[in-house]
Protein chains: 2
Amino acid sequence: MSATPSAPAPLRLDPPYLLFLGDVDEAGFAKTAFGLRDWAGDRCTGEYSLPGATVTTGLPMMTPAEAVKVGARSLVIGVANPGGIIPPHWIDALAEALEAGLDIASGMHVRLADDPRLSELAQRHGRRLVDIRTPPPGIPVANGRKRSGKRLLTVGTDCALGKKYTALAIARALAGRGIAADFRATGQTGIMVAGSGIPIDSVVADFIAGAAELLSPDAPQDHWDVIEGQGSLFHPSYSGVSLGLLHGSQPDVIVLCHQPGRTHTLGHAGYRLPSIEEVVEMALKLGARTNPAIRCAGVALNTSALTEDTATVLMGAERDRLGLPVADPIRGGPEFDALIDECLRE
Amino acid sequence: MSATPSAPAPLRLDPPYLLFLGDVDEAGFAKTAFGLRDWAGDRCTGEYSLPGATVTTGLPMMTPAEAVKVGARSLVIGVANPGGIIPPHWIDALAEALEAGLDIASGMHVRLADDPRLSELAQRHGRRLVDIRTPPPGIPVANGRKRSGKRLLTVGTDCALGKKYTALAIARALAGRGIAADFRATGQTGIMVAGSGIPIDSVVADFIAGAAELLSPDAPQDHWDVIEGQGSLFHPSYSGVSLGLLHGSQPDVIVLCHQPGRTHTLGHAGYRLPSIEEVVEMALKLGARTNPAIRCAGVALNTSALTEDTATVLMGAERDRLGLPVADPIRGGPEFDALIDECLRE
């Protein structure tokens, strides 16, 4: 129970990667593939999908055998469906990858090693099955002790709208200003990008906040941990993960992430999306329990579906309405600089 | 993903029980033993503890061999320590129970079956190791769909102050009025008392709300599920469990549980206990996400440390202050009748 927190162990996953898309037909479910393309593009060599797939990363399409020829060492399952299952009709393609000489990495809840055919093939060919979503052993119950160093957590109005990208962009921007900062990954894609982390949605429920404490251990006072948020406090399925992560992370600063135009919780048509203000207010109220100094530094809008002009107008209007910096971290620009300034304000 | 909710499978645990207390020296950690004594006393035959134990249930002390002689069939670990571990110095006593002919039931996070000595002995003697805290397989992600029937959830200002007792007492009171009601257990003790349930703190984080949905399936419109609360929305370690349970339970009614005199979160001296009003306000605000009709029917005070006169005065003062029924469900009386009336108010 009194395990001393230390940063999570690095992940062993050999690049370059072949991104596997299965038969995915909704871009939202391919966020692992897109995340790796966008944040670890130098480690991605191509994509492989099954008939029926309508989503593409734009990387060259190749079979496992072709990928091995151009140097690929791992096939990474780039799809994260609800529930985290590996459909039976994917197994042939995964077996093909092992036979071609690739390791396989998966961020699904279901473990690759639990599939008898894949397990047998991996052993026979000397390949590794890397289950990213298996948490490390020995996660303690949270102790609630205030840790040294600075922490930022991205929180969202929903799932899958930019909390990981925002955290990655903020960590990069802080590093660009010469500030010591670590991106702390809490989901499968983030862990693959960062090379370490804890899949917070996969730990046993009693240990969510404990895992968050372990993920961002004591650090020098001027060091920033930029923690990838998960789910939403208003999500009917995943709110428990979000609250445990908030309490365990003890953030000094939150950045609210939202996608303009999203009106309902993804996959839950009966659930109206909460407003930005509702989520900020709730996150600050709840977060104050473990860090009374918590504050919101601004709003990150995912404007990928908008033109640059529209995005600029919208960000300005939202900034005036909310009285907070509003930026699209992927677009960057002076708006994002202002958001980073506000994060760093003492 | 689309598993049809159905009530959880019954637990197989053969009575009568010998309650094992280990070397526990704080009554709060022996709540499983006390819960069984108080709510399943007809199934408890005695207690067994190690040198150093200072807590007793008041049941006759007996060794496993003596317990078998008076008919005992299972040794139940009656201690729930933080983190849910089985200390190595308990193993001899547990081995003794298996050799004497008892099954063993445990509500610890650590599984009995994972101890090689116990596993080997159980096999050799044909005894069962029952891990109550192992959740059922196939728990779905919550879908957020409104279910039929009525639901009541007990919520608390902290852990271990009466949420289970309150739910059990309310379920009993409803049945006493001829109303169809089920106590729905979410923790090891409740599951042992009820004979079924889901250990909500032990499911994988992404599935907390899904487990809560599974626990209280669609029911007739006039049927009440009385759901055992867990943790607290303000608990620095366990808040995620509490929020997932709240969202998945979709309660129509909450009953706030508190222990007068408790000033800090148990085991977390740095954390001031939230007020009753703070917890009610937060639970209603969060709970409205999955059931906009949620309301608080009253407050259950654990006055076990007070005299009857003091308790009566306090309950009256709190009722006047809060404008809600305030009762001690274990004392019962007109205060508790008024609380039940308010639960049932249309």
# chains A, B, ... in the order shown; residues from 1 in each chain; ligands from 1

$ select_by_dssp --residues "stretch 72-295 of chain B" --states "strand (DSSP E)" --output "number ranges by chain"
B: 74-77, 103-106, 129-131, 150-156, 181-184, 224-227, 253-258, 295

$ residues_around --residues "B:Gly178" --least-positions-apart "6" --cutoff "12 Å" --atoms "only C-alpha atoms" --output "ChimeraX atom specification"
/B:171-172,222-224

$ write_last_selection --atoms "C-alpha atoms" --output "PDB file, in the first residue's frame"
ATOM      1  CA  ALA B 171     -34.910  -2.581   1.602  1.00  0.00           C
ATOM      2  CA  ARG B 172     -36.220  -4.369   4.693  1.00  0.00           C
ATOM      3  CA  ASP B 222     -43.446  -0.211  -8.825  1.00  0.00           C
ATOM      4  CA  HIS B 223     -40.354  -2.278  -7.974  1.00  0.00           C
ATOM      5  CA  TRP B 224     -37.511  -0.704  -5.990  1.00  0.00           C
TER       6      TRP B 224
END

$ interface_residues --of "chain B" --to "chain A" --cutoff "10 Å" --atoms "only C-alpha atoms" --output "JSON list (two decimals) with N, CA and C atoms, in the first residue's frame"
[["chain", "number", "residue", "atom", "x", "y", "z"],
["B", 1, "MET", "N", -20.79, -6.20, -26.37],
["B", 1, "MET", "CA", -21.18, -4.83, -26.03],
["B", 1, "MET", "C", -22.67, -4.71, -25.76],
["B", 82, "PRO", "N", -7.32, -1.58, 3.78],
["B", 82, "PRO", "CA", -7.15, -0.75, 2.57],
["B", 82, "PRO", "C", -6.25, -1.50, 1.58],
["B", 83, "GLY", "N", -6.66, -1.55, 0.34],
["B", 83, "GLY", "CA", -5.86, -2.22, -0.67],
["B", 83, "GLY", "C", -6.25, -3.67, -0.84],
["B", 84, "GLY", "N", -6.90, -4.24, 0.16],
["B", 84, "GLY", "CA", -7.44, -5.59, 0.00],
["B", 84, "GLY", "C", -6.40, -6.68, -0.13],
["B", 85, "ILE", "N", -5.40, -6.65, 0.74],
["B", 85, "ILE", "CA", -4.36, -7.69, 0.66],
["B", 85, "ILE", "C", -4.54, -8.72, 1.77],
["B", 109, "HIS", "N", -8.99, -7.81, -2.61],
["B", 109, "HIS", "CA", -8.63, -7.67, -4.03],
["B", 109, "HIS", "C", -7.73, -8.83, -4.46],
["B", 139, "ILE", "N", -18.95, -7.86, -18.35],
["B", 139, "ILE", "CA", -19.62, -6.60, -17.99],
["B", 139, "ILE", "C", -19.52, -5.65, -19.18],
["B", 140, "PRO", "N", -20.66, -5.08, -19.63],
["B", 140, "PRO", "CA", -20.61, -4.18, -20.79],
["B", 140, "PRO", "C", -20.26, -2.75, -20.39],
["B", 141, "VAL", "N", -19.84, -1.95, -21.36],
["B", 141, "VAL", "CA", -19.76, -0.50, -21.18],
["B", 141, "VAL", "C", -21.19, 0.01, -20.97],
["B", 142, "ALA", "N", -21.35, 0.97, -20.08],
["B", 142, "ALA", "CA", -22.70, 1.50, -19.82],
["B", 142, "ALA", "C", -23.29, 2.09, -21.10],
["B", 143, "ASN", "N", -24.59, 1.91, -21.28],
["B", 143, "ASN", "CA", -25.23, 2.51, -22.45],
["B", 143, "ASN", "C", -26.05, 3.76, -22.10],
["B", 144, "GLY", "N", -26.28, 3.99, -20.81],
["B", 144, "GLY", "CA", -26.97, 5.21, -20.41],
["B", 144, "GLY", "C", -28.47, 5.20, -20.64],
["B", 145, "ARG", "N", -29.00, 4.11, -21.17],
["B", 145, "ARG", "CA", -30.44, 4.01, -21.44],
["B", 145, "ARG", "C", -31.21, 3.98, -20.11],
["B", 146, "LYS", "N", -32.29, 4.76, -20.04],
["B", 146, "LYS", "CA", -33.12, 4.79, -18.83],
["B", 146, "LYS", "C", -33.82, 3.44, -18.67],
["B", 199, "PRO", "N", -19.05, -6.69, -7.12],
["B", 199, "PRO", "CA", -18.07, -5.89, -6.38],
["B", 199, "PRO", "C", -17.61, -4.72, -7.25],
["B", 200, "ILE", "N", -18.31, -3.60, -7.13],
["B", 200, "ILE", "CA", -18.17, -2.50, -8.10],
["B", 200, "ILE", "C", -16.77, -1.88, -8.06],
["B", 201, "ASP", "N", -16.10, -1.96, -6.90],
["B", 201, "ASP", "CA", -14.76, -1.37, -6.82],
["B", 201, "ASP", "C", -13.70, -2.24, -7.46],
["B", 202, "SER", "N", -14.10, -3.41, -7.93],
["B", 202, "SER", "CA", -13.14, -4.36, -8.48],
["B", 202, "SER", "C", -13.26, -4.54, -9.98],
["B", 203, "VAL", "N", -14.24, -3.87, -10.60],
["B", 203, "VAL", "CA", -14.35, -3.99, -12.05],
["B", 203, "VAL", "C", -13.30, -3.07, -12.69],
["B", 204, "VAL", "N", -12.99, -3.34, -13.94],
["B", 204, "VAL", "CA", -12.08, -2.48, -14.68],
["B", 204, "VAL", "C", -12.73, -1.10, -14.85],
["B", 205, "ALA", "N", -11.93, -0.05, -14.70],
["B", 205, "ALA", "CA", -12.44, 1.32, -14.59],
["B", 205, "ALA", "C", -13.45, 1.70, -15.67],
["B", 206, "ASP", "N", -13.21, 1.30, -16.91],
["B", 206, "ASP", "CA", -14.12, 1.66, -18.00],
["B", 206, "ASP", "C", -15.51, 1.07, -17.84],
["B", 207, "PHE", "N", -15.66, 0.11, -16.95],
["B", 207, "PHE", "CA", -16.92, -0.64, -16.87],
["B", 207, "PHE", "C", -17.68, -0.40, -15.57],
["B", 208, "ILE", "N", -17.29, 0.61, -14.77],
["B", 208, "ILE", "CA", -17.95, 0.85, -13.48],
["B", 208, "ILE", "C", -19.45, 1.10, -13.70],
["B", 209, "ALA", "N", -19.76, 2.07, -14.54],
["B", 209, "ALA", "CA", -21.18, 2.39, -14.76],
["B", 209, "ALA", "C", -21.89, 1.23, -15.43],
["B", 210, "GLY", "N", -21.20, 0.51, -16.30],
["B", 210, "GLY", "CA", -21.80, -0.66, -16.95],
["B", 210, "GLY", "C", -22.16, -1.73, -15.93],
["B", 213, "GLU", "N", -25.25, -0.66, -14.18],
["B", 213, "GLU", "CA", -26.45, -0.90, -15.01],
["B", 213, "GLU", "C", -26.86, -2.37, -14.94],
["B", 231, "GLY", "N", -17.86, 4.29, -1.28],
["B", 231, "GLY", "CA", -16.94, 5.43, -1.22],
["B", 231, "GLY", "C", -17.66, 6.75, -1.03],
["B", 233, "LEU", "N", -18.10, 10.77, -3.34],
["B", 233, "LEU", "CA", -17.67, 11.64, -4.44],
["B", 233, "LEU", "C", -16.52, 12.54, -4.02],
["B", 234, "PHE", "N", -16.33, 12.72, -2.72],
["B", 234, "PHE", "CA", -15.28, 13.60, -2.18],
["B", 234, "PHE", "C", -14.09, 12.80, -1.64],
["B", 235, "HIS", "N", -14.05, 11.50, -1.90],
["B", 235, "HIS", "CA", -12.95, 10.69, -1.36],
["B", 235, "HIS", "C", -11.75, 10.73, -2.31],
["B", 236, "PRO", "N", -10.57, 11.13, -1.80],
["B", 236, "PRO", "CA", -9.42, 11.28, -2.70],
["B", 236, "PRO", "C", -8.97, 9.97, -3.35],
["B", 237, "SER", "N", -9.37, 8.83, -2.83],
["B", 237, "SER", "CA", -8.95, 7.56, -3.42],
["B", 237, "SER", "C", -10.04, 6.89, -4.25],
["B", 238, "TYR", "N", -11.29, 7.02, -3.84],
["B", 238, "TYR", "CA", -12.34, 6.16, -4.39],
["B", 238, "TYR", "C", -13.46, 6.90, -5.11],
["B", 239, "SER", "N", -13.30, 8.20, -5.36],
["B", 239, "SER", "CA", -14.39, 8.98, -5.94],
["B", 239, "SER", "C", -14.83, 8.46, -7.30],
["B", 240, "GLY", "N", -13.90, 7.89, -8.05],
["B", 240, "GLY", "CA", -14.26, 7.39, -9.38],
["B", 240, "GLY", "C", -15.28, 6.26, -9.30],
["B", 241, "VAL", "N", -15.11, 5.40, -8.31],
["B", 241, "VAL", "CA", -16.08, 4.32, -8.10],
["B", 241, "VAL", "C", -17.45, 4.92, -7.79],
["B", 242, "SER", "N", -17.47, 5.92, -6.91],
["B", 242, "SER", "CA", -18.74, 6.52, -6.49],
["B", 242, "SER", "C", -19.47, 7.17, -7.66],
["B", 243, "LEU", "N", -18.72, 7.87, -8.52],
["B", 243, "LEU", "CA", -19.39, 8.57, -9.64],
["B", 243, "LEU", "C", -19.88, 7.58, -10.68],
["B", 244, "GLY", "N", -19.08, 6.56, -11.00],
["B", 244, "GLY", "CA", -19.53, 5.55, -11.96],
["B", 244, "GLY", "C", -20.77, 4.83, -11.46],
["B", 245, "LEU", "N", -20.78, 4.55, -10.16],
["B", 245, "LEU", "CA", -21.94, 3.87, -9.56],
["B", 245, "LEU", "C", -23.17, 4.77, -9.61],
["B", 246, "LEU", "N", -22.98, 6.06, -9.33],
["B", 246, "LEU", "CA", -24.09, 7.02, -9.38],
["B", 246, "LEU", "C", -24.66, 7.10, -10.80],
["B", 247, "HIS", "N", -23.79, 7.28, -11.78],
["B", 247, "HIS", "CA", -24.29, 7.42, -13.16],
["B", 247, "HIS", "C", -24.95, 6.13, -13.65],
["B", 248, "GLY", "N", -24.36, 4.99, -13.35],
["B", 248, "GLY", "CA", -24.93, 3.72, -13.83],
["B", 248, "GLY", "C", -26.19, 3.32, -13.09],
["B", 250, "GLN", "N", -28.53, 5.36, -11.98],
["B", 250, "GLN", "CA", -29.65, 6.22, -12.38],
["B", 250, "GLN", "C", -30.67, 6.36, -11.26],
["B", 267, "GLY", "N", -8.70, 7.79, 7.41],
["B", 267, "GLY", "CA", -7.36, 7.45, 6.92],
["B", 267, "GLY", "C", -6.68, 8.56, 6.14],
["B", 268, "HIS", "N", -7.32, 9.72, 6.02],
["B", 268, "HIS", "CA", -6.74, 10.85, 5.28],
["B", 268, "HIS", "C", -6.86, 12.11, 6.12],
["B", 269, "ALA", "N", -5.97, 12.25, 7.08],
["B", 269, "ALA", "CA", -6.07, 13.33, 8.07],
["B", 269, "ALA", "C", -6.10, 14.71, 7.41],
["B", 270, "GLY", "N", -5.52, 14.85, 6.23],
["B", 270, "GLY", "CA", -5.48, 16.15, 5.57],
["B", 270, "GLY", "C", -6.77, 16.53, 4.87],
["B", 271, "TYR", "N", -7.75, 15.65, 4.87],
["B", 271, "TYR", "CA", -8.97, 15.90, 4.12],
["B", 271, "TYR", "C", -10.17, 16.12, 5.04],
["B", 272, "ARG", "N", -10.57, 17.38, 5.18],
["B", 272, "ARG", "CA", -11.78, 17.74, 5.91],
["B", 272, "ARG", "C", -12.99, 17.04, 5.29],
["B", 274, "PRO", "N", -16.55, 16.63, 3.79],
["B", 274, "PRO", "CA", -17.51, 17.59, 3.24],
["B", 274, "PRO", "C", -18.77, 17.61, 4.10],
["B", 282, "MET", "N", -23.78, 18.03, -4.71],
["B", 282, "MET", "CA", -22.92, 17.46, -5.76],
["B", 282, "MET", "C", -23.53, 16.19, -6.34],
["B", 285, "LYS", "N", -26.43, 17.09, -8.61],
["B", 285, "LYS", "CA", -25.96, 17.74, -9.83],
["B", 285, "LYS", "C", -25.40, 16.69, -10.80],
["B", 286, "LEU", "N", -24.55, 15.82, -10.27],
["B", 286, "LEU", "CA", -23.93, 14.79, -11.11],
["B", 286, "LEU", "C", -24.96, 13.73, -11.51],
["B", 287, "GLY", "N", -25.77, 13.33, -10.56],
["B", 287, "GLY", "CA", -26.73, 12.26, -10.83],
["B", 287, "GLY", "C", -27.78, 12.64, -11.86],
["B", 288, "ALA", "N", -28.08, 13.94, -11.95],
["B", 288, "ALA", "CA", -29.09, 14.40, -12.91],
["B", 288, "ALA", "C", -28.68, 14.09, -14.35],
["B", 289, "ARG", "N", -27.40, 13.82, -14.56],
["B", 289, "ARG", "CA", -26.94, 13.52, -15.92],
["B", 289, "ARG", "C", -27.62, 12.28, -16.49],
["B", 290, "THR", "N", -27.80, 11.25, -15.65],
["B", 290, "THR", "CA", -28.44, 10.03, -16.16],
["B", 290, "THR", "C", -29.87, 9.87, -15.67]]

$ atom_distance --atom1 "atom CA of A:Glu335" --atom2 "atom CA of A:Gly195"
29.5 Å

$ atom_distance --atom1 "atom CA of B:Glu99" --atom2 "atom CA of B:Val130"
15.9 Å

$ closest_residue --among "A:Ser275, A:Ser196, A:Asn302, A:Ser232" --to "A:Leu161" --atoms "only C-alpha atoms"
A:Asn302

$ select_by_dssp --residues "stretch 102-346 of chain A" --states "alpha helix (DSSP H)" --output "ChimeraX atom specification"
/A:116-125,163-176,188-194,208-215,239-249,276-287,308-322,333-344

$ write_last_selection --atoms "C-alpha atoms" --output "short mmCIF file (atom, residue, chain, number, x, y, z; two decimals), in the first residue's frame"
data_model
loop_
_atom_site.label_atom_id
_atom_site.label_comp_id
_atom_site.auth_asym_id
_atom_site.auth_seq_id
_atom_site.Cartn_x
_atom_site.Cartn_y
_atom_site.Cartn_z
CA PRO A 116 -5.05 -19.22 -28.42
CA ARG A 117 -4.20 -19.03 -32.14
CA LEU A 118 -2.26 -15.75 -31.83
CA SER A 119 -0.55 -16.94 -28.68
CA GLU A 120 0.57 -20.17 -30.34
CA LEU A 121 1.72 -18.39 -33.51
CA ALA A 122 3.65 -15.75 -31.56
CA GLN A 123 5.49 -18.45 -29.67
CA ARG A 124 6.25 -20.46 -32.79
CA HIS A 125 7.60 -17.44 -34.69
CA LYS A 163 -7.63 15.90 -24.98
CA LYS A 164 -4.60 13.87 -26.05
CA TYR A 165 -3.62 16.17 -28.93
CA THR A 166 -4.01 19.19 -26.66
CA ALA A 167 -1.80 17.66 -23.95
CA LEU A 168 0.83 16.66 -26.51
CA ALA A 169 0.79 20.13 -28.07
CA ILE A 170 1.05 21.85 -24.68
CA ALA A 171 3.95 19.60 -23.60
CA ARG A 172 5.70 20.39 -26.88
CA ALA A 173 5.07 24.13 -26.49
CA LEU A 174 6.41 24.13 -22.93
CA ALA A 175 9.52 22.28 -24.06
CA GLY A 176 9.84 24.82 -26.87
CA GLN A 188 -3.33 3.36 -25.42
CA THR A 189 -2.50 5.84 -28.18
CA GLY A 190 -0.77 8.25 -25.87
CA ILE A 191 1.26 5.42 -24.39
CA MET A 192 2.34 4.28 -27.84
CA VAL A 193 3.31 7.86 -28.76
CA ALA A 194 5.12 8.58 -25.48
CA ILE A 208 -7.91 4.84 -10.59
CA ALA A 209 -6.69 7.77 -8.49
CA GLY A 210 -3.75 5.70 -7.26
CA ALA A 211 -2.70 5.07 -10.85
CA ALA A 212 -2.93 8.80 -11.55
CA GLU A 213 -0.72 9.51 -8.54
CA LEU A 214 1.81 6.96 -9.78
CA LEU A 215 1.77 8.48 -13.26
CA SER A 239 -17.23 9.51 -15.79
CA GLY A 240 -15.70 7.42 -13.01
CA VAL A 241 -12.42 7.23 -14.90
CA SER A 242 -12.45 11.00 -15.41
CA LEU A 243 -13.09 11.80 -11.75
CA GLY A 244 -10.48 9.35 -10.42
CA LEU A 245 -7.96 10.80 -12.87
CA LEU A 246 -8.84 14.36 -11.82
CA HIS A 247 -8.48 13.62 -8.10
CA GLY A 248 -5.28 11.60 -8.48
CA SER A 249 -3.66 14.07 -10.87
CA ILE A 276 -17.93 24.45 -21.72
CA GLU A 277 -18.87 26.47 -18.64
CA GLU A 278 -20.68 23.54 -17.01
CA VAL A 279 -17.65 21.28 -17.42
CA VAL A 280 -15.16 23.91 -16.23
CA GLU A 281 -17.27 24.69 -13.17
CA MET A 282 -17.72 21.01 -12.28
CA ALA A 283 -14.06 20.13 -12.86
CA LEU A 284 -12.86 23.03 -10.70
CA LYS A 285 -15.33 22.19 -7.93
CA LEU A 286 -14.38 18.51 -7.87
CA GLY A 287 -10.68 19.07 -8.52
CA GLU A 308 -9.08 28.79 -40.84
CA ASP A 309 -11.15 31.98 -41.09
CA THR A 310 -14.16 30.43 -39.40
CA ALA A 311 -11.95 28.95 -36.71
CA THR A 312 -10.31 32.31 -36.00
CA VAL A 313 -13.64 34.10 -35.72
CA LEU A 314 -15.05 31.38 -33.48
CA MET A 315 -12.02 31.35 -31.17
CA GLY A 316 -12.20 35.11 -30.80
CA ALA A 317 -15.90 35.02 -30.02
CA GLU A 318 -15.46 32.24 -27.48
CA ARG A 319 -12.52 34.07 -25.87
CA ASP A 320 -14.66 37.19 -25.43
CA ARG A 321 -17.64 35.19 -24.17
CA LEU A 322 -15.68 33.10 -21.65
CA GLY A 333 -0.65 30.77 -33.51
CA PRO A 334 -0.94 33.71 -31.11
CA GLU A 335 -4.10 32.25 -29.55
CA PHE A 336 -2.18 29.17 -28.48
CA ASP A 337 0.73 31.29 -27.21
CA ALA A 338 -1.76 33.16 -25.04
CA LEU A 339 -3.14 29.89 -23.70
CA ILE A 340 0.37 28.71 -22.78
CA ASP A 341 1.08 32.09 -21.12
CA GLU A 342 -2.03 31.62 -19.00
CA CYS A 343 -1.02 28.07 -18.05
CA LEU A 344 2.30 29.43 -16.77
#

$ atom_distance --atom1 "atom CA of B:Arg37" --atom2 "atom CA of B:Val79"
12.8 Å
